[in-house]
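Asker: Below: one structure in structure tokens.
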Amino acid sequence: MKRWHGMRMLALLPLSVLIACGGGSEADSSEPEVVPAERVAHVRSLEVQPEEVTDLAILSADLLPLRRATLAAEVPGRVEQLTVDVGDRVGKGQILVRIDTRALRQQIAEAEALHVQAVDRFERAERLYEKRSITKEQHIDAVAGRDVAEARLNSAQLALAKSEVKAPWSGSVAAKRVEVGDYASPGLPLVELVAVNRLKVRAAASAADVPYLSIGEPVTVRVDVFPGEEWQGKVVRLGAELDSDTRTLVVEAEIDNSEGRLRPGLFGRLEVPRRVLPEAMLVPLASVVDYESEKILYVISDGIAQRRSVVLGPAVGQRVVITTGLEPGDHVVVGGQQQVADGQKVIEAEEG
């Protein structure tokens, strides 16, 4: 009986008291929602305008001497004199190595004596033959004796001349293979000579570059150890066929090196003009972002970054041509693009 009475009293309590003591769901829903501040990206941008540029094929290249020769002994003997060392510059006809010539000089002395004797016999035979004092066969023998003696003398003189190894052209000594006192047999390498007043620049061009290559085409050569400098030259040789493994074609150009600053063996780049692009849209390579399977740029419009899918053309130094996806006057994000999202507000950062 008492329990029922209690429940009856609870039911008579005012509704306002129950609300004040209970759930309060309506009060919670009336509180204001806290919205976080929108993130703004600080970026740098570049207004893109068409410009004329030259599309270049940039090929890795090696610098080589214009000519190289290994001079070898042609006669046997001891090396009597070595007049040069590695790095020396030599002129055409300069004597580089002398081989012991004592035996050769003795042979010349003998050949000269025999030649004098043969010539004297021939002259006497000529006079006698005119008087019909000797037969025609005797006259022929005298002529042959003179000719043989003259040939032997010339051969001895030639051997003596070959004992002096001379530079066939002006150049520099790249290596010496013998020292004074070494025995030189015919064919033994003595000195290696290179011509470096002009250099060959050899590179391998891809199949895609072949249509733009031709003999006489002007090229620019840059060398890693001389940053900011360039050398002008021309294409002088093209390979007869592409390498079957690499599908590349050998290209050779020549450049002047009369000052001697460049050395064979240096590494450089051969720049070959392919075509002129009269109205190219260029952006820094670093501004291009990989997004899924696309290349994209962020373009600013009314303070909002918009993702723009683009198609890349050839690279020009540290910039790249955009063939599709940009219009003249577009402001492209070139700094801070990695922190930008499509539709995000951006602020131009001041140049520091």
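By order of appearance in the structure tokens: chains A, B, ..., then residues from 1 within every chain, and ligands from 1 in the order shown.
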What's around Thr54 (chain A) at 12 Å? Count only C-alpha atoms, leave out sequence neighbours fewer than 2 positions away in its own chain, and write the answer as a ChimeraX atom specification.

Answerer: /A:51-52,56-58,271-280,282,314-317,320-321

Asker: Considering only C-alpha atoms, return as a VMD selection string whatever protein or nucleic-acid residues lie within 10 Å of region 336-347 of chain A, sequence-local ones (same chain, fewer than 6 positions apart) excluded.

Answerer: chain A and resid 38 to 45 286 to 290 297 to 308

Asker: Measuring atom to atom with only C-alpha atoms, identify which of A:Ala109, A:Ile215, A:Val225, A:Ala142 is nearest to Ala125 (chain A).

Answerer: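 Of all the options, A:Ala142 lies closest to Ala125 (chain A).
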
Asker: Could you pull out the strand (DSSP E or B) residues of region 41-277 of chain A, going by DSSP on the backbone, and write them as an MDAnalysis selection string?

Answerer: chainID A and resid 41:47 51:72 77:82 89:90 95:99 164:166 171:176 183:184 189:206 218:223 231:238 248:256 267:277

Asker: Give me the residues near Glu217 (chain A) as a PyMOL selection string, where near means some atom within 7 Å (using only C-alpha atoms) and where sequence neighbours in that chain fewer than 2 positions away do not count.

Answerer: chain A and resi 214-215+219+234-235

Asker: Atoms to include: all heavy atoms. Write the selected residues as a PDB file, in the first residue's frame.

Answerer:
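What ended up in again_19.pdb:
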ATOM      1  N   SER A 214      72.846  15.696 -88.179  1.00  0.00           N
ATOM      2  CA  SER A 214      73.406  15.788 -89.527  1.00  0.00           C
ATOM      3  C   SER A 214      74.835  16.295 -89.445  1.00  0.00           C
ATOM      4  O   SER A 214      75.199  17.017 -88.506  1.00  0.00           O
ATOM      5  CB  SER A 214      72.565  16.718 -90.416  1.00  0.00           C
ATOM      6  OG  SER A 214      72.518  18.026 -89.866  1.00  0.00           O
ATOM      7  N   ILE A 215      75.650  15.911 -90.425  1.00  0.00           N
ATOM      8  CA  ILE A 215      77.031  16.365 -90.489  1.00  0.00           C
ATOM      9  C   ILE A 215      77.045  17.887 -90.666  1.00  0.00           C
ATOM     10  O   ILE A 215      76.309  18.443 -91.483  1.00  0.00           O
ATOM     11  CB  ILE A 215      77.783  15.684 -91.642  1.00  0.00           C
ATOM     12  CG1 ILE A 215      77.751  14.167 -91.484  1.00  0.00           C
ATOM     13  CG2 ILE A 215      79.218  16.189 -91.721  1.00  0.00           C
ATOM     14  CD1 ILE A 215      78.467  13.657 -90.272  1.00  0.00           C
ATOM     15  N   VAL A 219      77.034  22.501 -82.561  1.00  0.00           N
ATOM     16  CA  VAL A 219      76.745  21.927 -81.243  1.00  0.00           C
ATOM     17  C   VAL A 219      77.459  22.751 -80.181  1.00  0.00           C
ATOM     18  O   VAL A 219      78.399  23.503 -80.472  1.00  0.00           O
ATOM     19  CB  VAL A 219      77.197  20.455 -81.149  1.00  0.00           C
ATOM     20  CG1 VAL A 219      76.420  19.575 -82.116  1.00  0.00           C
ATOM     21  CG2 VAL A 219      78.700  20.331 -81.402  1.00  0.00           C
ATOM     22  N   LYS A 234      81.156  21.431 -84.227  1.00  0.00           N
ATOM     23  CA  LYS A 234      80.268  20.916 -85.268  1.00  0.00           C
ATOM     24  C   LYS A 234      80.306  19.397 -85.269  1.00  0.00           C
ATOM     25  O   LYS A 234      81.329  18.788 -84.913  1.00  0.00           O
ATOM     26  CB  LYS A 234      80.686  21.435 -86.652  1.00  0.00           C
ATOM     27  CG  LYS A 234      80.462  22.912 -86.866  1.00  0.00           C
ATOM     28  CD  LYS A 234      80.815  23.311 -88.298  1.00  0.00           C
ATOM     29  CE  LYS A 234      80.545  24.799 -88.530  1.00  0.00           C
ATOM     30  NZ  LYS A 234      80.871  25.194 -89.920  1.00  0.00           N
ATOM     31  N   VAL A 235      79.197  18.792 -85.675  1.00  0.00           N
ATOM     32  CA  VAL A 235      79.159  17.345 -85.846  1.00  0.00           C
ATOM     33  C   VAL A 235      79.996  16.993 -87.070  1.00  0.00           C
ATOM     34  O   VAL A 235      79.808  17.560 -88.155  1.00  0.00           O
ATOM     35  CB  VAL A 235      77.708  16.848 -86.033  1.00  0.00           C
ATOM     36  CG1 VAL A 235      77.693  15.350 -86.341  1.00  0.00           C
ATOM     37  CG2 VAL A 235      76.881  17.144 -84.786  1.00  0.00           C
TER      38      VAL A 235
END

Asker: Identify all residues of region 7-169 of chain A in alpha helix (DSSP H) (DSSP on the backbone) and supply them as an MDAnalysis selection string.

Answerer: chainID A and resid 7:11 15:21 25:29 102:130 136:162

Asker: For the atom pair CA of Leu213 (chain A) and CA of Val194 (chain A), what is the interatomic distance in Å to one decimal place?

Answerer: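 Calculated distance between CA of Leu213 (chain A) and CA of Val194 (chain A) is 28.0 Å.
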
Asker: Quote the spacing between CA of Ala205 (chain A) and CA of Glu241 (chain A) in Å to one decimal place.

Answerer: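 Those two atoms sit 11.4 Å apart.
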